>>> print(open('input-v1.cif').read())   # mmCIF, C-alpha atoms
data_run
#
loop_
_atom_site.label_atom_id
_atom_site.label_comp_id
_atom_site.auth_asym_id
_atom_site.auth_seq_id
_atom_site.Cartn_x
_atom_site.Cartn_y
_atom_site.Cartn_z
CA MET A 1 -9.02 -27.36 -8.39
CA ASP A 2 -10.72 -30.33 -6.70
CA LEU A 3 -11.10 -29.56 -2.98
CA THR A 4 -12.57 -32.97 -2.13
CA TYR A 5 -10.47 -35.08 0.23
CA THR A 6 -9.44 -38.52 -1.05
CA GLU A 7 -9.80 -41.76 0.95
CA GLN A 8 -6.06 -41.73 1.62
CA GLU A 9 -6.24 -38.16 2.94
CA GLU A 10 -9.20 -39.03 5.15
CA ARG A 11 -7.20 -41.99 6.57
CA PHE A 12 -4.38 -39.57 7.34
CA ARG A 13 -6.90 -37.33 9.12
CA GLN A 14 -8.21 -40.20 11.24
CA GLU A 15 -4.70 -41.38 12.19
CA LEU A 16 -3.71 -37.86 13.21
CA ARG A 17 -6.98 -37.36 15.12
CA ARG A 18 -6.39 -40.58 17.09
CA TRP A 19 -2.81 -39.58 17.92
CA LEU A 20 -3.88 -36.14 19.11
CA GLY A 21 -6.59 -37.72 21.24
CA GLU A 22 -3.98 -39.91 22.92
CA VAL A 23 -1.24 -37.33 23.62
CA LEU A 24 -3.01 -34.02 24.29
CA PRO A 25 -4.60 -35.00 27.64
CA GLY A 26 -1.10 -35.72 29.01
CA LEU A 27 0.44 -32.35 28.11
CA PRO A 28 1.46 -30.05 30.99
CA GLU A 29 -0.28 -26.72 31.44
CA ARG A 30 0.77 -24.01 29.04
CA PRO A 31 3.07 -21.38 30.53
CA ASP A 32 2.04 -17.76 30.93
CA PRO A 33 1.80 -16.24 27.40
CA LEU A 34 4.14 -13.45 28.51
CA ASP A 35 6.84 -15.90 29.72
CA TRP A 36 8.90 -16.44 26.57
CA PRO A 37 11.64 -18.64 28.12
CA GLY A 38 8.84 -20.84 29.49
CA ARG A 39 7.06 -20.77 26.17
CA ARG A 40 10.25 -21.78 24.36
CA ALA A 41 10.60 -24.86 26.59
CA TYR A 42 6.92 -25.75 26.11
CA ASP A 43 6.84 -25.13 22.35
CA THR A 44 10.07 -27.01 21.61
CA ALA A 45 8.91 -29.99 23.71
CA TRP A 46 5.69 -30.14 21.65
CA GLN A 47 7.70 -29.89 18.44
CA ARG A 48 9.82 -32.83 19.58
CA MET A 49 6.66 -34.86 20.17
CA LEU A 50 5.51 -34.10 16.62
CA TYR A 51 8.94 -35.07 15.29
CA ASP A 52 9.03 -38.38 17.16
CA ALA A 53 5.52 -39.21 15.91
CA GLY A 54 6.44 -38.40 12.30
CA TYR A 55 4.32 -35.24 11.98
CA ALA A 56 7.09 -32.61 12.09
CA ASP A 57 8.20 -32.97 8.49
CA LEU A 58 4.83 -32.30 6.91
CA GLN A 59 5.87 -29.13 5.13
CA ARG A 60 8.63 -30.90 3.24
CA GLU A 61 7.33 -34.38 2.55
CA ALA A 62 3.54 -34.40 2.84
CA THR A 63 1.11 -33.27 0.17
CA PRO A 64 -0.29 -29.75 0.49
CA THR A 65 -3.67 -31.23 1.34
CA GLN A 66 -2.20 -33.31 4.16
CA HIS A 67 -0.58 -30.18 5.52
CA LEU A 68 -3.93 -28.41 5.51
CA ILE A 69 -5.54 -31.41 7.22
CA PHE A 70 -2.77 -31.24 9.84
CA LEU A 71 -3.63 -27.58 10.51
CA GLU A 72 -7.35 -28.32 10.69
CA GLU A 73 -6.98 -31.23 13.08
CA THR A 74 -4.40 -29.69 15.41
CA GLU A 75 -6.51 -26.55 15.76
CA ARG A 76 -9.73 -28.54 16.14
CA ALA A 77 -8.13 -30.53 18.96
CA GLY A 78 -6.68 -27.44 20.64
CA ALA A 79 -3.06 -28.57 20.15
CA PRO A 80 -0.23 -26.10 20.90
CA TYR A 81 0.65 -23.60 18.18
CA VAL A 82 4.21 -23.32 16.79
CA GLY A 83 4.90 -20.36 19.13
CA ALA A 84 8.64 -19.83 19.63
CA ASN A 85 9.33 -22.10 16.64
CA PHE A 86 7.45 -19.75 14.30
CA VAL A 87 10.40 -18.22 12.43
CA GLY A 88 12.39 -21.44 12.07
CA LEU A 89 9.50 -23.66 11.00
CA LEU A 90 7.46 -21.29 8.89
CA HIS A 91 9.91 -19.12 6.97
CA ALA A 92 13.64 -19.56 7.80
CA GLY A 93 13.40 -23.35 7.42
CA PRO A 94 11.37 -23.25 4.19
CA THR A 95 13.79 -20.63 2.80
CA ILE A 96 16.80 -22.83 3.54
CA ALA A 97 14.97 -25.79 2.02
CA ALA A 98 14.33 -23.77 -1.16
CA GLU A 99 17.56 -21.76 -1.46
CA GLY A 100 20.21 -23.44 0.74
CA THR A 101 22.91 -25.90 -0.23
CA GLU A 102 22.72 -29.58 0.66
CA GLU A 103 25.17 -28.94 3.51
CA GLN A 104 23.04 -26.09 4.83
CA ARG A 105 19.86 -28.16 4.67
CA ALA A 106 21.58 -31.01 6.53
CA ARG A 107 22.94 -28.62 9.20
CA TRP A 108 19.86 -26.52 9.95
CA LEU A 109 16.67 -28.33 8.97
CA PRO A 110 16.81 -31.37 11.31
CA PRO A 111 17.33 -29.24 14.48
CA ILE A 112 14.47 -26.97 13.41
CA LEU A 113 12.15 -29.92 12.88
CA ARG A 114 13.17 -31.58 16.17
CA GLY A 115 12.65 -28.34 18.09
CA ASP A 116 16.32 -28.35 19.16
CA GLU A 117 17.03 -24.87 17.77
CA VAL A 118 14.88 -21.74 17.69
CA TRP A 119 15.28 -18.96 15.14
CA CYS A 120 14.55 -15.25 15.21
CA GLN A 121 14.05 -12.79 12.36
CA GLY A 122 16.54 -9.92 11.92
CA PHE A 123 15.01 -7.98 9.05
CA SER A 124 13.62 -4.67 10.39
CA GLU A 125 15.85 -1.75 11.28
CA PRO A 126 15.42 1.62 13.01
CA ASP A 127 14.60 4.46 10.59
CA ALA A 128 13.86 2.02 7.74
CA GLY A 129 10.16 1.65 8.51
CA SER A 130 8.51 -0.69 6.03
CA ASP A 131 11.18 0.03 3.41
CA LEU A 132 13.18 -3.16 3.98
CA ALA A 133 15.72 -2.32 1.27
CA SER A 134 16.81 0.74 3.28
CA LEU A 135 18.63 -1.43 5.81
CA ARG A 136 22.04 -0.18 6.96
CA THR A 137 23.52 -3.09 8.91
CA LYS A 138 26.71 -3.84 7.02
CA ALA A 139 28.81 -6.96 6.55
CA VAL A 140 32.43 -6.63 5.42
CA ARG A 141 34.19 -9.68 4.04
CA ASP A 142 37.32 -10.72 5.98
CA GLY A 143 38.65 -13.98 4.56
CA ASP A 144 36.10 -16.73 5.17
CA GLN A 145 34.03 -14.56 7.53
CA TYR A 146 31.74 -11.55 7.38
CA VAL A 147 32.20 -8.87 10.05
CA VAL A 148 28.70 -7.54 10.82
CA SER A 149 27.91 -4.22 12.52
CA GLY A 150 24.62 -2.38 12.95
CA SER A 151 21.31 -2.87 14.71
CA LYS A 152 17.93 -4.50 14.19
CA ILE A 153 14.56 -3.82 15.76
CA TRP A 154 11.30 -5.76 16.17
CA THR A 155 13.44 -8.90 16.01
CA SER A 156 10.92 -11.68 16.58
CA HIS A 157 11.90 -14.17 19.34
CA ALA A 158 15.48 -12.84 19.73
CA GLU A 159 15.27 -13.29 23.49
CA VAL A 160 15.11 -17.09 23.19
CA ALA A 161 16.68 -17.75 19.76
CA ASP A 162 19.72 -19.82 18.80
CA TRP A 163 19.93 -18.52 15.23
CA CYS A 164 18.90 -15.39 13.35
CA GLU A 165 17.87 -15.06 9.71
CA LEU A 166 19.77 -11.83 9.14
CA LEU A 167 19.75 -9.34 6.28
CA VAL A 168 22.94 -7.31 5.82
CA ARG A 169 24.28 -4.83 3.31
CA THR A 170 27.37 -6.20 1.55
CA THR A 171 27.60 -3.43 -1.06
CA PRO A 172 27.20 0.26 -0.17
CA VAL A 173 24.33 2.13 -1.80
CA THR A 174 25.43 4.55 -4.53
CA PRO A 175 23.42 6.80 -6.85
CA GLU A 176 24.05 4.24 -9.63
CA THR A 177 23.20 1.13 -7.57
CA PRO A 178 19.59 0.32 -6.59
CA LYS A 179 19.43 -0.13 -2.82
CA HIS A 180 18.01 -3.65 -3.04
CA LYS A 181 20.99 -4.89 -5.10
CA GLY A 182 23.63 -5.05 -2.34
CA ILE A 183 21.86 -7.19 0.29
CA THR A 184 22.88 -10.65 1.56
CA TRP A 185 20.93 -13.26 3.63
CA LEU A 186 22.96 -14.78 6.50
CA ALA A 187 22.31 -17.34 9.24
CA MET A 188 23.85 -15.79 12.36
CA PRO A 189 24.42 -17.78 15.59
CA MET A 190 22.92 -15.77 18.44
CA ASP A 191 25.72 -16.77 20.86
CA ALA A 192 28.40 -15.11 18.73
CA PRO A 193 30.50 -12.43 20.52
CA GLY A 194 29.34 -8.87 19.86
CA ILE A 195 25.55 -9.48 20.00
CA THR A 196 23.43 -7.60 22.54
CA VAL A 197 19.70 -8.37 22.82
CA ARG A 198 17.38 -5.89 24.52
CA PRO A 199 13.77 -7.20 24.78
CA LEU A 200 10.95 -4.78 23.91
CA ARG A 201 7.70 -4.91 25.85
CA THR A 202 4.68 -4.66 23.57
CA LEU A 203 1.26 -3.12 24.21
CA ALA A 204 0.09 -6.59 25.27
CA GLY A 205 3.00 -6.92 27.75
CA SER A 206 4.87 -9.58 25.77
CA THR A 207 8.60 -9.48 24.96
CA GLU A 208 8.39 -11.45 21.73
CA PHE A 209 10.25 -8.60 19.97
CA ALA A 210 13.68 -7.18 20.78
CA GLU A 211 16.31 -4.71 19.72
CA VAL A 212 19.52 -6.46 18.59
CA PHE A 213 22.83 -4.61 18.48
CA LEU A 214 25.68 -6.06 16.41
CA ASP A 215 29.25 -4.97 17.15
CA GLU A 216 31.70 -6.56 14.70
CA VAL A 217 29.99 -9.94 14.89
CA ARG A 218 31.80 -12.59 12.86
CA VAL A 219 29.62 -14.84 10.72
CA PRO A 220 31.16 -17.57 8.54
CA VAL A 221 30.75 -17.08 4.79
CA ALA A 222 29.50 -20.67 4.77
CA ASN A 223 26.38 -19.36 6.58
CA ARG A 224 25.34 -17.27 3.59
CA VAL A 225 22.14 -18.54 1.93
CA GLY A 226 22.20 -17.65 -1.76
CA ALA A 227 24.91 -15.61 -3.46
CA GLU A 228 26.51 -12.48 -2.04
CA ASN A 229 24.41 -9.42 -2.96
CA ASP A 230 21.56 -11.70 -4.05
CA GLY A 231 19.85 -11.47 -0.68
CA TRP A 232 16.90 -9.43 -1.94
CA ARG A 233 15.78 -12.31 -4.15
CA VAL A 234 16.25 -14.78 -1.25
CA THR A 235 14.33 -12.39 0.99
CA MET A 236 11.40 -12.39 -1.42
CA VAL A 237 11.30 -16.20 -1.00
CA THR A 238 11.27 -15.76 2.80
CA LEU A 239 8.50 -13.18 2.61
CA SER A 240 6.52 -15.40 0.23
CA PHE A 241 6.46 -18.09 2.90
CA GLU A 242 5.76 -15.55 5.64
CA ARG A 243 2.78 -14.05 3.81
CA GLY A 244 1.65 -17.10 1.88
CA THR A 245 1.65 -19.96 4.38
CA ALA A 246 2.95 -18.87 7.79
CA PHE A 247 -0.41 -17.52 8.97
CA VAL A 248 -2.69 -20.20 7.60
CA GLY A 249 -2.87 -22.16 10.86
CA GLU A 250 -4.09 -19.03 12.55
CA VAL A 251 -7.13 -18.92 10.27
CA VAL A 252 -8.31 -22.21 11.78
CA ALA A 253 -7.62 -20.82 15.25
CA CYS A 254 -9.69 -17.72 14.42
CA ARG A 255 -12.61 -19.90 13.30
CA ARG A 256 -12.44 -21.68 16.65
CA THR A 257 -12.34 -18.36 18.50
CA LEU A 258 -15.27 -17.09 16.45
CA ALA A 259 -17.33 -20.10 17.54
CA ALA A 260 -16.38 -19.40 21.17
CA VAL A 261 -17.40 -15.74 20.80
CA ALA A 262 -20.77 -16.85 19.40
CA ARG A 263 -21.28 -19.20 22.38
CA GLU A 264 -20.40 -16.38 24.78
CA ALA A 265 -22.88 -14.08 22.98
CA ARG A 266 -25.67 -16.63 23.40
CA ALA A 267 -24.78 -17.09 27.06
CA ASN A 268 -24.65 -13.39 28.05
CA GLY A 269 -27.55 -12.17 25.91
CA THR A 270 -25.62 -10.06 23.38
CA TRP A 271 -26.81 -12.54 20.74
CA ASP A 272 -30.14 -10.69 20.83
CA ASP A 273 -28.39 -7.68 19.26
CA ALA A 274 -28.94 -7.94 15.49
CA VAL A 275 -25.77 -5.95 14.81
CA ILE A 276 -23.66 -8.47 16.79
CA ARG A 277 -25.29 -11.40 14.98
CA ARG A 278 -24.64 -9.75 11.62
CA GLN A 279 -20.97 -9.16 12.49
CA LEU A 280 -20.52 -12.77 13.60
CA GLY A 281 -22.17 -14.07 10.43
CA ARG A 282 -20.04 -11.87 8.19
CA LEU A 283 -16.84 -12.92 9.99
CA ASN A 284 -17.81 -16.57 9.63
CA ALA A 285 -18.13 -16.06 5.86
CA GLU A 286 -14.83 -14.13 5.84
CA PHE A 287 -12.84 -16.89 7.56
CA MET A 288 -14.44 -19.62 5.42
CA THR A 289 -13.38 -17.65 2.34
CA LEU A 290 -9.86 -17.19 3.72
CA TRP A 291 -9.59 -20.93 4.24
CA ARG A 292 -10.63 -21.59 0.64
CA LEU A 293 -8.10 -18.98 -0.47
CA THR A 294 -5.48 -20.80 1.61
CA GLN A 295 -6.27 -24.06 -0.13
CA TRP A 296 -5.92 -22.36 -3.51
CA ASN A 297 -2.63 -20.65 -2.55
CA VAL A 298 -1.08 -23.88 -1.26
CA SER A 299 -2.18 -25.74 -4.38
CA GLU A 300 -0.70 -23.04 -6.64
CA ALA A 301 2.54 -23.01 -4.62
CA GLN A 302 2.97 -26.72 -5.22
CA LYS A 303 2.98 -26.07 -8.97
CA THR A 304 5.90 -23.65 -8.57
CA GLY A 305 8.17 -25.82 -6.42
CA GLY A 306 6.50 -25.06 -3.11
CA VAL A 307 7.20 -21.32 -3.01
CA PRO A 308 3.97 -19.28 -2.53
CA GLY A 309 3.20 -16.56 -5.08
CA ALA A 310 1.69 -13.10 -4.92
CA GLY A 311 -1.65 -14.64 -3.88
CA GLY A 312 -0.18 -14.70 -0.38
CA SER A 313 -0.48 -10.92 -0.27
CA VAL A 314 -4.24 -11.15 -0.89
CA PHE A 315 -4.50 -13.58 1.99
CA LYS A 316 -2.29 -11.49 4.30
CA LEU A 317 -4.20 -8.30 3.52
CA ARG A 318 -7.63 -9.76 4.26
CA TYR A 319 -6.53 -11.97 7.16
CA SER A 320 -4.86 -9.19 9.17
CA HIS A 321 -7.99 -7.01 8.96
CA ALA A 322 -10.40 -9.91 9.66
CA ARG A 323 -8.38 -10.81 12.77
CA GLN A 324 -8.74 -7.28 14.12
CA GLU A 325 -12.49 -7.31 13.40
CA LEU A 326 -12.85 -10.65 15.18
CA TYR A 327 -11.36 -9.39 18.43
CA ASP A 328 -13.18 -6.05 18.16
CA THR A 329 -16.42 -8.07 17.99
CA ALA A 330 -15.27 -10.23 20.91
CA ALA A 331 -14.79 -7.01 22.92
CA GLU A 332 -18.35 -5.94 22.13
CA VAL A 333 -19.63 -9.31 23.30
CA LEU A 334 -17.59 -9.17 26.52
CA GLY A 335 -18.57 -5.58 27.28
CA ALA A 336 -16.78 -4.26 30.38
CA GLY A 337 -15.00 -7.62 30.68
CA SER A 338 -13.00 -6.76 27.57
CA PHE A 339 -10.78 -4.53 29.72
CA ASP A 340 -9.66 -7.49 31.85
CA LEU A 341 -6.03 -8.12 30.86
CA GLY A 342 -6.34 -11.61 32.29
CA HIS A 343 -8.73 -12.58 29.50
CA ASP A 344 -7.06 -14.22 26.47
CA TRP A 345 -9.27 -12.29 24.04
CA THR A 346 -8.11 -8.98 25.53
CA LEU A 347 -4.45 -9.80 24.94
CA ASP A 348 -5.26 -11.18 21.49
CA ARG A 349 -7.13 -7.97 20.65
CA LEU A 350 -4.11 -5.87 21.61
CA SER A 351 -1.71 -8.05 19.63
CA SER A 352 -4.06 -8.08 16.62
CA LEU A 353 -3.21 -4.42 16.04
CA SER A 354 0.26 -5.47 14.88
CA TYR A 355 -0.98 -7.79 12.14
CA THR A 356 -1.52 -4.99 9.64
CA ILE A 357 2.19 -4.14 10.05
CA ALA A 358 3.86 -7.53 10.52
CA ALA A 359 5.27 -9.28 7.42
CA GLY A 360 4.74 -6.12 5.37
CA THR A 361 2.13 -3.45 5.99
CA SER A 362 -1.29 -3.54 4.38
CA GLN A 363 -0.15 -0.69 2.11
CA ILE A 364 2.72 -2.85 0.84
CA GLN A 365 0.37 -5.80 0.28
CA ARG A 366 -1.95 -3.54 -1.75
CA ASN A 367 0.99 -2.45 -3.90
CA ILE A 368 1.96 -6.08 -4.54
CA VAL A 369 -1.61 -7.01 -5.46
CA ALA A 370 -1.89 -3.98 -7.75
CA GLU A 371 1.40 -4.53 -9.55
CA ARG A 372 1.83 -8.33 -9.67
CA ILE A 373 -1.77 -9.54 -9.88
CA LEU A 374 -3.72 -6.68 -11.44
CA GLY A 375 -0.81 -5.53 -13.64
CA LEU A 376 -1.16 -1.88 -12.70
CA PRO A 377 1.84 0.43 -13.16
CA LYS A 378 4.20 1.03 -10.23
CA GLY A 379 3.59 4.11 -8.15
CA ARG A 380 6.20 6.75 -7.65
#
>>> encode(input="input-v1.cif", output="structure tokens")
Amino acid sequence: MDLTYTEQEERFRQELRRWLGEVLPGLPERPDPLDWPGRRAYDTAWQRMLYDAGYADLQREATPTQHLIFLEETERAGAPYVGANFVGLLHAGPTIAAEGTEEQRARWLPPILRGDEVWCQGFSEPDAGSDLASLRTKAVRDGDQYVVSGSKIWTSHAEVADWCELLVRTTPVTPETPKHKGITWLAMPMDAPGITVRPLRTLAGSTEFAEVFLDEVRVPVANRVGAENDGWRVTMVTLSFERGTAFVGEVVACRRTLAAVAREARANGTWDDAVIRRQLGRLNAEFMTLWRLTQWNVSEAQKTGGVPGAGGSVFKLRYSHARQELYDTAAEVLGAGSFDLGHDWTLDRLSSLSYTIAAGTSQIQRNIVAERILGLPKGR
């Protein structure tokens, strides 16, 4: 794979860099990171600016390299991150683009790209743990609607979402039927009668997750993405995007944070500690390697119609641990200041603990790497 940027790609970089230089100074101050309604308004307004400037459709129409340049330049310039638009832009939208009908793409993709509609993720359930196929929320067909009952937990961005990518069981589990065979992927409007959202406060104080209770919620059959009972396969597409490309922008952000931690170390004298310097050097090599792995994964995904492969699990496994190590090192550099909850790095350190669980635990990623890449036999 040739990782050298072409003249055309460098022109794209310069155009984007000029545009960012013009618009970023005029942005309002970012809202409190714990204020999700405020963050929704801020994040969707930024998304609309990208859309109007022609940069919102990069994932569908640009080359993979241009998309990587977009991530590099927006992070270099300190542009807002996707935030509340995370689920819609980075895995619900790509899933609909890959698996939806033409009508579904026309209905849902433009509002996602314009920032008009925010999505949440309704995958996890109480008592299911990391075993996604153990979900119990059921959907019973009633004419041209599904009647959905059950509950979800750790539902990302439910508090401010318009739509939910929802997994439901449409065929009961029997001793003869594997549990992943009777699942269906639905797009559920969050204003439908019968939905109760109860925000959950995390260790970092944020309410980006919520419990969602579903009491005979009616969802049109037309909102089903993929065939009935084929939701497990569609879900694997969603998870491929979630693990393979959804976190790549954060790698650039981590490299920027690492540089800031190094500057802080030089300023407060912790740079004189050889152990700190060694940790910073190793993390720099780690994030440079992750970025090269990202380039390889995106290039490979393009060969398979844009859907990332099992290489995303390698990235997710290493990235989630490197992120924790980065903020642990930042805490060592800050010393007593690392207990100040008003410091961004403190909140980021607390939230980094969730990265080895989110989008599939590290144990699950190791199983995927062992079985699909190394060809090892499945465990019991």
>>> residues_around(input="input-v1.cif", residues="A:Glu9", least_positions_apart="3", cutoff="8 Å", atoms="only C-alpha atoms", output="ChimeraX atom specification")
/A:5-6,12-13,65-66
>>> residues_around(input="input-v1.cif", residues="A:Ser206", least_positions_apart="4", cutoff="9 Å", atoms="only C-alpha atoms", output="list of chain:residue names")
A:Pro33, A:Leu34, A:Asp35, A:Trp36, A:Leu200, A:Arg201, A:Thr202
>>> resolve_selection(input="input-v1.cif", expression="the PyMOL selection byres ((chain A and resi 168-175) around 10)", output="ChimeraX atom specification")
/A:122-123,133-141,146,148-150,166-167,176-186,228-231
>>> closest_residue(input="input-v1.cif", among="A:Phe209, A:Tyr327, A:Trp108, A:Tyr319", to="A:Val252", atoms="only C-alpha atoms")
A:Tyr319
>>> closest_residue(input="input-v1.cif", among="A:Leu350, A:Leu50, A:Val314, A:Ile153", to="A:Ile373", atoms="all atoms listed in the file")
A:Val314
>>> closest_residue(input="input-v1.cif", among="A:Glu208, A:Glu72, A:Asp144, A:Asp131", to="A:Arg39", atoms="all atoms listed in the file")
A:Glu208
>>> closest_residue(input="input-v1.cif", among="A:Gly335, A:Pro199, A:Pro94, A:Gly115", to="A:Val234", atoms="only C-alpha atoms")
A:Pro94
>>> resolve_selection(input="input-v1.cif", expression="the PyMOL selection byres ((chain A and resi 45) around 12)", output="number ranges by chain")
A: 27-28, 30, 38-44, 46-52, 80-85, 113-118
>>> atom_distance(input="input-v1.cif", atom1="atom CA of A:Cys120", atom2="atom CA of A:Cys164")
4.7 Å
>>> decode(input="input-v1.cif", residues="stretch 35-46 of chain A", atoms="N, CA, C and O atoms", output="short mmCIF file (atom, residue, chain, number, x, y, z; two decimals), in the first residue's frame")
data_model
loop_
_atom_site.label_atom_id
_atom_site.label_comp_id
_atom_site.auth_asym_id
_atom_site.auth_seq_id
_atom_site.Cartn_x
_atom_site.Cartn_y
_atom_site.Cartn_z
N ASP A 35 -23.08 18.84 29.85
CA ASP A 35 -24.38 19.38 29.42
C ASP A 35 -24.74 18.79 28.06
O ASP A 35 -24.44 19.38 27.02
N TRP A 36 -25.40 17.65 28.03
CA TRP A 36 -25.67 16.98 26.76
C TRP A 36 -26.68 17.70 25.88
O TRP A 36 -26.50 17.75 24.66
N PRO A 37 -27.77 18.30 26.43
CA PRO A 37 -28.62 19.11 25.53
C PRO A 37 -27.84 20.26 24.89
O PRO A 37 -28.01 20.54 23.70
N GLY A 38 -26.96 20.91 25.68
CA GLY A 38 -26.15 21.98 25.11
C GLY A 38 -25.17 21.45 24.09
O GLY A 38 -24.93 22.07 23.04
N ARG A 39 -24.62 20.27 24.37
CA ARG A 39 -23.66 19.68 23.44
C ARG A 39 -24.35 19.26 22.14
O ARG A 39 -23.78 19.39 21.06
N ARG A 40 -25.60 18.79 22.26
CA ARG A 40 -26.33 18.43 21.04
C ARG A 40 -26.47 19.65 20.14
O ARG A 40 -26.21 19.59 18.94
N ALA A 41 -26.90 20.78 20.72
CA ALA A 41 -27.09 22.00 19.93
C ALA A 41 -25.77 22.43 19.29
O ALA A 41 -25.72 22.81 18.11
N TYR A 42 -24.68 22.37 20.06
CA TYR A 42 -23.37 22.78 19.55
C TYR A 42 -22.89 21.83 18.45
O TYR A 42 -22.46 22.26 17.37
N ASP A 43 -22.98 20.52 18.72
CA ASP A 43 -22.46 19.53 17.77
C ASP A 43 -23.25 19.52 16.46
O ASP A 43 -22.68 19.37 15.38
N THR A 44 -24.58 19.65 16.55
CA THR A 44 -25.39 19.64 15.33
C THR A 44 -25.17 20.91 14.52
O THR A 44 -25.23 20.89 13.28
N ALA A 45 -24.93 22.04 15.20
CA ALA A 45 -24.65 23.28 14.47
C ALA A 45 -23.33 23.17 13.70
O ALA A 45 -23.23 23.61 12.54
N TRP A 46 -22.32 22.54 14.33
CA TRP A 46 -21.04 22.32 13.63
C TRP A 46 -21.23 21.38 12.45
O TRP A 46 -20.67 21.59 11.37
#
